[in-house]
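**Student:** My structure is stored as start06.txt, with compact mmCIF, C-alpha atoms.
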# COMPACT_ATOMS: atom_id res chain seq x y z
CA MET A 1 14.76 -92.40 15.07
CA THR A 2 18.00 -93.73 16.48
CA LYS A 3 20.20 -91.32 18.30
CA ASN A 4 23.80 -90.69 17.26
CA ASN A 5 24.42 -93.81 15.16
CA GLU A 6 28.18 -94.11 15.61
CA THR A 7 29.99 -94.57 12.33
CA GLN A 8 32.50 -97.39 12.45
CA ARG A 9 35.85 -95.80 11.76
CA ARG A 10 39.28 -96.16 13.24
CA PRO A 11 40.34 -93.16 15.36
CA LEU A 12 43.15 -91.07 13.90
CA ARG A 13 46.56 -91.05 15.56
CA SER A 14 47.09 -88.18 17.97
CA GLY A 15 50.02 -86.75 16.00
CA THR A 16 47.99 -86.80 12.78
CA GLN A 17 45.11 -85.09 14.58
CA LYS A 18 47.39 -82.33 15.87
CA ILE A 19 48.66 -81.57 12.37
CA LEU A 20 45.08 -81.63 11.04
CA GLY A 21 44.01 -79.31 13.86
CA LEU A 22 46.75 -76.88 12.91
CA ILE A 23 45.70 -76.95 9.23
CA PHE A 24 42.00 -76.47 10.07
CA GLY A 25 43.02 -73.61 12.37
CA ILE A 26 45.11 -71.89 9.70
CA LEU A 27 42.19 -72.04 7.25
CA PHE A 28 39.72 -70.89 9.92
CA GLY A 29 41.99 -68.00 10.96
CA PHE A 30 42.53 -67.03 7.32
CA LEU A 31 38.75 -66.87 6.79
CA LEU A 32 38.11 -65.01 10.06
CA HIS A 33 40.58 -62.33 9.00
CA LYS A 34 39.14 -62.07 5.48
CA GLY A 35 35.72 -61.59 7.05
CA GLY A 36 36.94 -58.78 9.32
CA ALA A 37 36.02 -60.81 12.41
CA THR A 38 39.49 -60.35 13.91
CA LYS A 39 38.69 -56.67 14.47
CA TYR A 40 37.23 -55.08 17.60
CA ASP A 41 35.46 -52.45 15.50
CA VAL A 42 33.61 -55.10 13.46
CA ILE A 43 32.56 -57.13 16.51
CA LEU A 44 31.40 -54.09 18.49
CA GLY A 45 29.72 -52.79 15.33
CA GLN A 46 27.68 -55.98 15.35
CA LEU A 47 26.78 -55.78 19.04
CA LEU A 48 25.80 -52.11 18.56
CA LEU A 49 23.61 -53.32 15.63
CA GLN A 50 25.41 -50.98 13.22
CA ASP A 51 27.41 -53.50 11.15
CA PHE A 52 25.94 -56.97 10.56
CA THR A 53 29.13 -58.59 9.23
CA VAL A 54 29.48 -61.04 12.15
CA VAL A 55 25.88 -62.25 11.93
CA LYS A 56 26.17 -62.61 8.14
CA ILE A 57 29.31 -64.75 8.52
CA MET A 58 27.84 -66.88 11.31
CA LEU A 59 24.46 -67.49 9.71
CA SER A 60 25.86 -68.35 6.27
CA ALA A 61 28.30 -70.74 7.99
CA VAL A 62 25.39 -72.30 9.92
CA VAL A 63 23.23 -72.81 6.81
CA THR A 64 26.12 -74.24 4.77
CA GLY A 65 27.40 -76.37 7.61
CA MET A 66 23.96 -77.65 8.63
CA LEU A 67 22.97 -78.74 5.11
CA GLY A 68 26.26 -80.57 4.56
CA ILE A 69 26.52 -82.13 8.01
CA TYR A 70 22.93 -83.44 7.98
CA LEU A 71 23.38 -84.76 4.43
CA MET A 72 26.58 -86.58 5.45
CA LYS A 73 24.92 -87.74 8.66
CA SER A 74 22.05 -89.28 6.65
CA ARG A 75 24.65 -91.14 4.56
CA GLY A 76 26.35 -92.38 7.73
CA TRP A 77 29.56 -90.50 6.93
CA VAL A 78 29.71 -88.35 10.07
CA ASP A 79 28.50 -88.41 13.67
CA LEU A 80 26.96 -85.51 15.55
CA TYR A 81 28.50 -84.14 18.75
CA PRO A 82 25.77 -81.99 20.33
CA LYS A 83 26.82 -80.47 23.66
CA GLY A 84 24.75 -81.03 26.76
CA GLY A 85 23.14 -78.05 28.40
CA SER A 86 20.74 -76.73 30.98
CA ILE A 87 19.04 -73.43 31.67
CA GLY A 88 21.58 -72.73 34.43
CA LYS A 89 24.47 -73.57 32.14
CA SER A 90 23.49 -72.40 28.66
CA LEU A 91 21.32 -69.38 29.45
CA ILE A 92 23.18 -67.91 32.45
CA GLY A 93 26.61 -68.88 31.10
CA GLY A 94 25.64 -67.47 27.72
CA LEU A 95 24.61 -64.13 29.20
CA ILE A 96 27.87 -63.88 31.19
CA PHE A 97 29.80 -64.70 28.02
CA GLY A 98 27.84 -62.00 26.19
CA VAL A 99 28.85 -59.36 28.75
CA GLY A 100 32.49 -60.38 28.35
CA PHE A 101 32.11 -60.44 24.56
CA ALA A 102 31.06 -56.77 24.56
CA VAL A 103 33.60 -55.59 27.17
CA LEU A 104 36.52 -57.39 25.50
CA GLY A 105 35.36 -56.99 21.91
CA TYR A 106 36.69 -60.39 20.89
CA CYS A 107 35.73 -64.02 21.58
CA PRO A 108 38.10 -66.98 22.11
CA GLY A 109 38.35 -67.72 18.36
CA THR A 110 38.51 -64.15 17.09
CA ILE A 111 40.99 -63.05 19.77
CA SER A 112 43.40 -65.62 18.39
CA GLY A 113 42.86 -64.07 14.97
CA ALA A 114 43.23 -60.58 16.45
CA ILE A 115 46.59 -61.56 17.94
CA GLY A 116 47.70 -62.73 14.49
CA ASN A 117 46.42 -59.46 13.06
CA GLY A 118 48.70 -57.49 15.43
CA TYR A 119 46.16 -56.16 17.93
CA LEU A 120 48.03 -55.71 21.19
CA ASP A 121 45.01 -55.16 23.45
CA ALA A 122 44.01 -58.70 22.45
CA PHE A 123 47.49 -60.14 23.01
CA THR A 124 47.97 -58.53 26.44
CA GLY A 125 44.86 -57.76 28.50
CA GLY A 126 42.44 -59.89 26.51
CA LEU A 127 44.43 -63.12 26.39
CA VAL A 128 45.58 -62.89 30.02
CA GLY A 129 42.00 -62.12 31.05
CA ILE A 130 40.54 -65.17 29.29
CA LEU A 131 43.15 -67.44 30.87
CA LEU A 132 42.41 -65.95 34.31
CA GLY A 133 38.67 -66.28 33.77
CA ALA A 134 38.97 -69.91 32.71
CA GLY A 135 41.21 -70.64 35.72
CA LEU A 136 38.72 -68.93 38.01
CA PHE A 137 35.97 -71.13 36.59
CA ALA A 138 38.02 -74.28 37.27
CA ALA A 139 38.40 -73.09 40.89
CA VAL A 140 34.66 -72.63 41.49
CA TYR A 141 33.51 -75.49 39.23
CA PRO A 142 32.73 -78.12 41.91
CA GLY A 143 30.37 -75.79 43.79
CA LEU A 144 28.87 -74.28 40.66
CA LYS A 145 28.18 -77.70 39.16
CA VAL A 146 25.88 -78.63 42.02
CA ALA A 147 24.32 -75.21 42.55
CA VAL A 148 23.67 -73.97 39.00
CA LEU A 149 24.96 -76.01 36.08
CA LYS A 150 22.49 -78.85 36.58
CA LYS A 151 19.44 -76.61 36.99
CA GLY A 152 16.93 -77.18 34.22
CA ASP A 153 19.04 -79.88 32.59
CA PHE A 154 17.91 -80.92 29.09
CA GLY A 155 20.97 -82.90 28.04
CA ASP A 156 22.45 -83.05 24.54
CA VAL A 157 19.11 -82.99 22.75
CA THR A 158 18.90 -81.56 19.23
CA LEU A 159 15.95 -79.56 17.90
CA PRO A 160 14.67 -82.42 15.67
CA GLN A 161 14.84 -84.81 18.66
CA LEU A 162 13.03 -82.27 20.85
CA LEU A 163 10.29 -81.83 18.24
CA LYS A 164 10.31 -85.58 17.47
CA VAL A 165 10.51 -85.01 13.73
CA ASN A 166 12.76 -86.10 10.87
CA PRO A 167 15.80 -83.74 10.93
CA TRP A 168 15.01 -82.43 7.44
CA PHE A 169 11.74 -80.96 8.76
CA VAL A 170 13.95 -78.62 10.82
CA VAL A 171 16.95 -78.27 8.49
CA ILE A 172 15.06 -77.14 5.36
CA PRO A 173 12.69 -74.60 6.99
CA LEU A 174 15.55 -73.18 9.08
CA ALA A 175 17.79 -72.84 6.01
CA ILE A 176 14.99 -70.99 4.21
CA LEU A 177 14.25 -68.81 7.25
CA ILE A 178 17.91 -67.84 7.75
CA SER A 179 18.39 -67.17 4.02
CA ALA A 180 15.27 -64.98 4.00
CA PHE A 181 16.57 -63.09 7.05
CA LEU A 182 19.94 -62.50 5.36
CA TYR A 183 18.17 -61.32 2.19
CA TRP A 184 16.09 -58.94 4.30
CA LEU A 185 19.26 -57.67 6.00
CA GLU A 186 20.83 -56.95 2.60
CA ILE A 187 17.75 -54.99 1.46
CA HIS A 188 17.27 -53.00 4.67
CA GLY A 189 20.74 -53.12 6.24
CA MET B 1 43.98 -66.00 -7.12
CA ASP B 2 44.26 -62.24 -6.61
CA CYS B 3 41.45 -62.40 -4.07
CA LEU B 4 43.85 -64.04 -1.58
CA PHE B 5 45.53 -60.64 -1.28
CA ASP B 6 42.32 -58.68 -0.72
CA PRO B 7 42.01 -57.45 2.88
CA ARG B 8 38.27 -58.19 3.02
CA TRP B 9 35.96 -60.74 1.44
CA SER B 10 32.18 -60.83 1.32
CA PRO B 11 30.89 -62.09 4.69
CA TYR B 12 28.84 -64.67 2.77
CA ALA B 13 31.93 -66.06 1.03
CA VAL B 14 33.65 -66.28 4.43
CA GLY B 15 30.63 -67.89 6.07
CA ILE B 16 30.21 -70.47 3.31
CA GLY B 17 33.95 -71.18 3.57
CA ILE B 18 33.64 -71.77 7.32
CA GLY B 19 30.62 -74.00 6.69
CA VAL B 20 32.59 -76.11 4.21
CA LEU B 21 35.51 -76.20 6.66
CA SER B 22 33.13 -77.62 9.27
CA TRP B 23 32.12 -80.42 6.87
CA LEU B 24 35.78 -81.35 6.52
CA SER B 25 36.51 -81.21 10.25
CA PHE B 26 33.55 -83.52 10.98
CA LEU B 27 34.51 -85.83 8.14
CA ILE B 28 38.28 -86.00 8.59
CA SER B 29 39.00 -85.20 12.24
CA ARG B 30 35.56 -86.17 13.56
CA LYS B 31 35.50 -82.99 15.61
CA PRO B 32 33.46 -79.79 15.53
CA ILE B 33 35.44 -76.53 15.29
CA ALA B 34 35.62 -74.99 18.77
CA CYS B 35 38.09 -72.86 20.72
CA SER B 36 37.37 -72.03 24.33
CA THR B 37 38.30 -75.33 26.04
CA SER B 38 41.86 -74.77 24.82
CA PHE B 39 42.05 -71.57 26.84
CA ALA B 40 40.99 -73.49 29.95
CA ARG B 41 43.61 -76.16 29.21
CA THR B 42 46.28 -73.48 28.72
CA SER B 43 45.28 -71.83 31.98
CA GLY B 44 45.57 -75.19 33.77
CA MET B 45 48.91 -75.97 32.11
CA ILE B 46 50.33 -72.58 33.18
CA GLU B 47 49.07 -73.14 36.73
CA ARG B 48 50.70 -76.59 36.64
CA LEU B 49 54.05 -74.95 35.85
CA PHE B 50 53.88 -73.08 39.15
CA ARG B 51 51.94 -75.39 41.43
CA GLY B 52 52.91 -78.79 40.06
CA LYS B 53 50.99 -81.95 39.26
CA ARG B 54 48.33 -81.42 41.94
CA VAL B 55 46.63 -78.94 39.59
CA GLU B 56 45.62 -81.91 37.41
CA SER B 57 43.48 -83.27 40.22
CA LYS B 58 41.09 -80.29 40.12
CA ALA B 59 37.67 -81.63 39.11
CA TYR B 60 37.40 -79.41 36.05
CA TYR B 61 40.86 -80.24 34.71
CA ARG B 62 40.21 -83.95 35.26
CA GLU B 63 37.16 -83.59 33.01
CA ILE B 64 38.83 -81.70 30.16
CA GLY B 65 42.37 -83.11 30.49
CA LEU B 66 45.46 -80.90 30.49
CA SER B 67 47.13 -81.78 27.24
CA ILE B 68 47.81 -80.30 23.82
CA ASP B 69 45.25 -81.76 21.43
CA TRP B 70 43.52 -81.15 18.06
CA GLN B 71 41.63 -78.12 19.32
CA TRP B 72 44.67 -76.54 20.97
CA MET B 73 46.52 -76.79 17.67
CA LEU B 74 43.47 -75.32 15.92
CA VAL B 75 43.74 -72.21 18.11
CA VAL B 76 47.46 -71.90 17.29
CA GLY B 77 46.50 -72.30 13.63
CA ILE B 78 44.00 -69.42 13.87
CA ILE B 79 46.79 -67.07 15.00
CA ILE B 80 48.96 -68.19 12.07
CA GLY B 81 46.16 -68.15 9.48
CA ALA B 82 44.85 -64.72 10.46
CA GLY B 83 48.41 -63.37 10.66
CA PHE B 84 49.18 -64.78 7.20
CA SER B 85 46.02 -63.33 5.65
CA ALA B 86 46.71 -59.96 7.29
CA ALA B 87 50.35 -59.97 6.17
CA ILE B 88 49.72 -60.79 2.49
CA SER B 89 46.90 -58.27 2.22
CA GLY B 90 48.84 -55.40 3.85
CA ASP B 91 46.52 -55.39 6.87
CA PHE B 92 49.00 -56.47 9.58
CA HIS B 93 49.76 -53.65 11.98
CA LEU B 94 50.53 -53.42 15.67
CA GLN B 95 47.79 -51.44 17.36
CA TRP B 96 47.01 -51.01 21.06
CA THR B 97 43.67 -49.21 20.93
CA PRO B 98 40.91 -50.04 18.43
CA ASP B 99 39.57 -47.01 16.49
CA LEU B 100 35.99 -47.35 17.74
CA TRP B 101 37.19 -47.50 21.36
CA ALA B 102 39.57 -44.55 20.86
CA ALA B 103 36.79 -42.44 19.37
CA ALA B 104 34.65 -42.91 22.48
CA PHE B 105 37.18 -43.25 25.31
CA GLY B 106 40.42 -41.80 23.94
CA PRO B 107 43.63 -43.42 22.69
CA ASP B 108 45.15 -44.34 26.12
CA PRO B 109 46.39 -47.95 25.75
CA LEU B 110 46.41 -48.51 29.52
CA LEU B 111 42.66 -47.94 29.90
CA ARG B 112 41.90 -50.16 26.90
CA VAL B 113 44.15 -52.99 28.13
CA ALA B 114 42.62 -52.81 31.62
CA VAL B 115 39.11 -53.05 30.16
CA ALA B 116 40.21 -55.88 27.83
CA LEU B 117 41.60 -57.71 30.88
CA LEU B 118 38.29 -57.33 32.71
CA GLY B 119 36.33 -58.36 29.60
CA GLY B 120 38.61 -61.33 29.11
CA ILE B 121 38.05 -62.55 32.65
CA ILE B 122 34.26 -62.34 32.23
CA LEU B 123 34.44 -63.96 28.77
CA GLY B 124 36.74 -66.80 29.83
CA PHE B 125 34.59 -67.50 32.88
CA GLY B 126 31.35 -67.32 30.87
CA ALA B 127 32.67 -69.51 28.05
CA ARG B 128 33.43 -72.32 30.48
CA TRP B 129 30.17 -71.78 32.34
CA ALA B 130 28.19 -72.10 29.09
CA GLY B 131 30.43 -74.94 27.89
CA GLY B 132 31.41 -73.26 24.65
CA CYS B 133 32.00 -70.03 22.77
CA THR B 134 31.02 -68.29 19.57
CA SER B 135 32.63 -71.08 17.53
CA GLY B 136 31.78 -74.18 19.57
CA HIS B 137 28.21 -73.15 20.35
CA GLY B 138 27.65 -70.23 17.94
CA ILE B 139 28.66 -72.03 14.75
CA SER B 140 29.40 -75.75 15.31
CA GLY B 141 26.65 -76.34 17.86
CA THR B 142 23.90 -74.40 16.13
CA LEU B 143 24.63 -76.07 12.78
CA GLN B 144 24.13 -79.44 14.50
CA LEU B 145 20.85 -78.02 15.83
CA ALA B 146 21.83 -78.65 19.46
CA LEU B 147 19.32 -77.04 21.83
CA SER B 148 22.10 -76.07 24.28
CA SER B 149 23.94 -74.21 21.51
CA TRP B 150 20.92 -72.27 20.23
CA ILE B 151 20.14 -71.11 23.78
CA ALA B 152 23.79 -70.25 24.42
CA ALA B 153 24.29 -68.44 21.09
CA LEU B 154 21.15 -66.33 21.53
CA SER B 155 22.26 -65.53 25.10
CA PHE B 156 25.74 -64.49 23.86
CA PHE B 157 24.16 -61.92 21.58
CA ALA B 158 21.50 -60.82 24.09
CA GLY B 159 24.16 -60.19 26.75
CA GLY B 160 26.53 -58.68 24.22
CA ILE B 161 24.05 -56.31 22.59
CA VAL B 162 22.80 -54.93 25.95
CA THR B 163 26.35 -54.52 27.32
CA ALA B 164 27.69 -52.89 24.13
CA HIS B 165 24.87 -50.35 24.22
CA LEU B 166 25.54 -49.64 27.91
CA ILE B 167 29.23 -49.05 27.16
CA PHE B 168 28.84 -46.94 24.03
CA LYS B 169 25.48 -45.22 24.55
CA VAL B 170 25.40 -44.71 28.33
CA LEU B 171 29.01 -44.68 29.58
CA ALA B 172 30.63 -42.96 26.59
Could I get this structure in the form of structure tokens?
**Tutor:**
Amino acid sequence: MTKNNETQRRPLRSGTQKILGLIFGILFGFLLHKGGATKYDVILGQLLLQDFTVVKIMLSAVVTGMLGIYLMKSRGWVDLYPKGGSIGKSLIGGLIFGVGFAVLGYCPGTISGAIGNGYLDAFTGGLVGILLGAGLFAAVYPGLKVAVLKKGDFGDVTLPQLLKVNPWFVVIPLAILISAFLYWLEIHG
Amino acid sequence: MDCLFDPRWSPYAVGIGIGVLSWLSFLISRKPIACSTSFARTSGMIERLFRGKRVESKAYYREIGLSIDWQWMLVVGIIIGAGFSAAISGDFHLQWTPDLWAAAFGPDPLLRVAVALLGGIILGFGARWAGGCTSGHGISGTLQLALSSWIAALSFFAGGIVTAHLIFKVLA
């Protein structure tokens, strides 16, 4: 299996990309609001395991996205852009993010939606906090990179590459598993 | 088209919509939907306003680049799109303290903003540490089946679920 067969296409002009980014963002924000994901109560409801809206949105997006992206990938229409990671980076960073997620009640995408929705805790404390936190990270990055971020490095491997199988042997079972989980949630939720 | 004016849609309709949107962003812009790097860029650009060009030489800002790009515009778009949806469905309102928070800790905006500031700092720091957020890892990364994203996304929820229970079941 060859890794990340680059499709041969001309890169888009930066101005075109910015307009496309804005359009994708408007559609994404529209959907986030329609899903209720711009609301603190919905996000905390999820983390308190009382309201599974956020998980339902995310998992149905993952199943839909995964099927389409892997189909287009097999036709050579799109490339994959898996992020690199390590235990020190993905696990520890993920847990820190999770603490912030619960204390703030929004994430970087949904806080943008929350600002559009009129939530002032998001627009003041939340937004300023995220900018400060990101700036703080940039300040400690050189030390952290050496000490933690490289620990247990596994690179930008995907699950099919890790298991050394055809991607569809992961995509199809995972789509079925997630769909079954969502069905179970609807019955028992 | 009446549904455009409904304040809430089925989470499955929204999720499938986001999935289809991700097809288009891979196909047209050749980029996965993600948000948190733009906050780091904004932070660097604000710092540059005060401290000048030398900010650009910080190792982290050299890696991500301090410029307005596709993803930065995406984040601006989210504000507009969510605001538009809220406005046309009668759901736009200025509110300092979320209902769930007020029920547990009272309606004082100052306390809520202080906690949001603290949460934001931890979130912004953690997002950069993990190299992505709920969109970049949680949706775009997991749908590509990236190992880093599955570990990160599960950690987001593990950390979030424990902390939310501490706040609302122990502290409150």
**Student:** Using all atoms listed in the file for the distances, tell me which of A:Ser112, A:Gln50, A:Thr16, A:Asn166 is nearest to chain B.
**Tutor:** A:Ser112
**Student:** So which one's closest to chain A, B:Asp2, B:Asp108, B:Glu56, B:Asp91? Using all atoms listed in the file, please.
**Tutor:**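 So, comparing all the options, the nearest one is B:Asp91.
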**Student:** Find the spatial neighbours of range 135-140 of chain B, counting only C-alpha atoms, within a cut-off of 10 Å - ignore same-chain residues fewer than 5 positions away - and output them as a count of residues only.
**Tutor:** 44
**Student:** Box in all listed atoms of range 15-23 of chain A, axis-aligned, with 8 Å more on each side; write out centre and edge lengths in Å to one decimal as lines of an AutoDock Vina configuration file.
**Tutor:**
center_x = 47.0
center_y = -81.8
center_z = 12.6
size_x = 22.0
size_y = 25.9
size_z = 22.8
**Student:** Between CA of Tyr60 in chain B and CA of Ile111 in chain A, what is the distance, to one decimal in Å?
**Tutor:**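 The value is 23.4 Å.
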**Student:** Name the residues in contact with Val55 in chain A at a cut-off of 9 Å, using only C-alpha atoms, excluding same-chain residues fewer than 5 positions from it; report them as a PDB file with C-alpha atoms, keeping the file's coordinate frame.
**Tutor:**
ATOM      1  CA  GLN A  46      27.680 -55.980  15.350  1.00  0.00           C
ATOM      2  CA  SER A  60      25.860 -68.350   6.270  1.00  0.00           C
ATOM      3  CA  LEU A 182      19.940 -62.500   5.360  1.00  0.00           C
TER       4      LEU A 182
ATOM      5  CA  PRO B  11      30.890 -62.090   4.690  1.00  0.00           C
TER       6      PRO B  11
END
**Student:** How would you write as a VMD selection string the residues that get within 10 Å of (45.1, -52.7, 27.4) in the file's frame, counting all atoms listed in the file?
**Tutor:** (chain A and resid 104 120 to 126) or (chain B and resid 96 to 97 108 to 118)
**Student:** My list of candidates is B:Gly106, B:Arg30, B:Gly77, B:Gly90. Which is closest to chain A when distances are computed with all atoms listed in the file?
**Tutor:**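 Checking each candidate against chain A, we get B:Gly77 as the closest.
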**Student:** At what distance in Å, to one decimal, does CA of Gly44 in chain B lie from CA of Gly133 in chain A?
**Tutor:**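 Computed distance, CA of Gly133 in chain A to CA of Gly44 in chain B, equals 11.3 Å.
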**Student:** Any idea what the distance is between CA of Glu47 in chain B and CA of Gly65 in chain B?
**Tutor:**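 Between CA of Glu47 in chain B and CA of Gly65 in chain B the gap works out to 13.5 Å.
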**Student:** Write out as a count of residues only which residues come within 12 Å of Ala139 in chain A when counting all atoms listed in the file, dropping same-chain ones fewer than 6 positions away.
**Tutor:** 17
**Student:** Between B:Ala104, B:Cys3, B:Lys169, B:Asp69, which has the minimum distance to chain A (counting only C-alpha atoms)?
**Tutor:**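 For chain A, the nearest of the candidates is B:Asp69.
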**Student:** Using all atoms listed in the file, which of A:Gly129, A:Gly100, A:Gly135, A:Gly88 sits nearest Thr42 in chain B?
**Tutor:**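 For Thr42 in chain B, the nearest of the given residues is A:Gly135.
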**Student:** I want to know what sits within 6 Å of Ile79 in chain B, based on all atoms listed in the file, with residues of the same chain fewer than 4 positions away left out; could you give that as an MDAnalysis selection string?
**Tutor:** (chainID A and resid 112:113 116) or (chainID B and resid 83)
**Student:** List the neighbours of Ala147 in chain A out to 12 Å using only C-alpha atoms; skip same-chain residues closer than 5 positions along the sequence, and give me the result as JSON, numbers by chain.
**Tutor:** {"A": [88, 89, 140, 141, 142, 152]}
**Student:** For Phe137 in chain A, which residue among A:Gly93, A:Gly98, A:Pro173, A:Gly105 is the nearest when counting all atoms listed in the file?
**Tutor:**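 Among the listed residues, the smallest separation from Phe137 in chain A belongs to A:Gly93.
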**Student:** Can you tell me, as a PyMOL selection string, which residues sit within 8 Å of (27.3, -50.3, 22.3) in the file's frame, using all atoms listed in the file?
**Tutor:** (chain A and resi 44-45+47-48+102) or (chain B and resi 161-169)
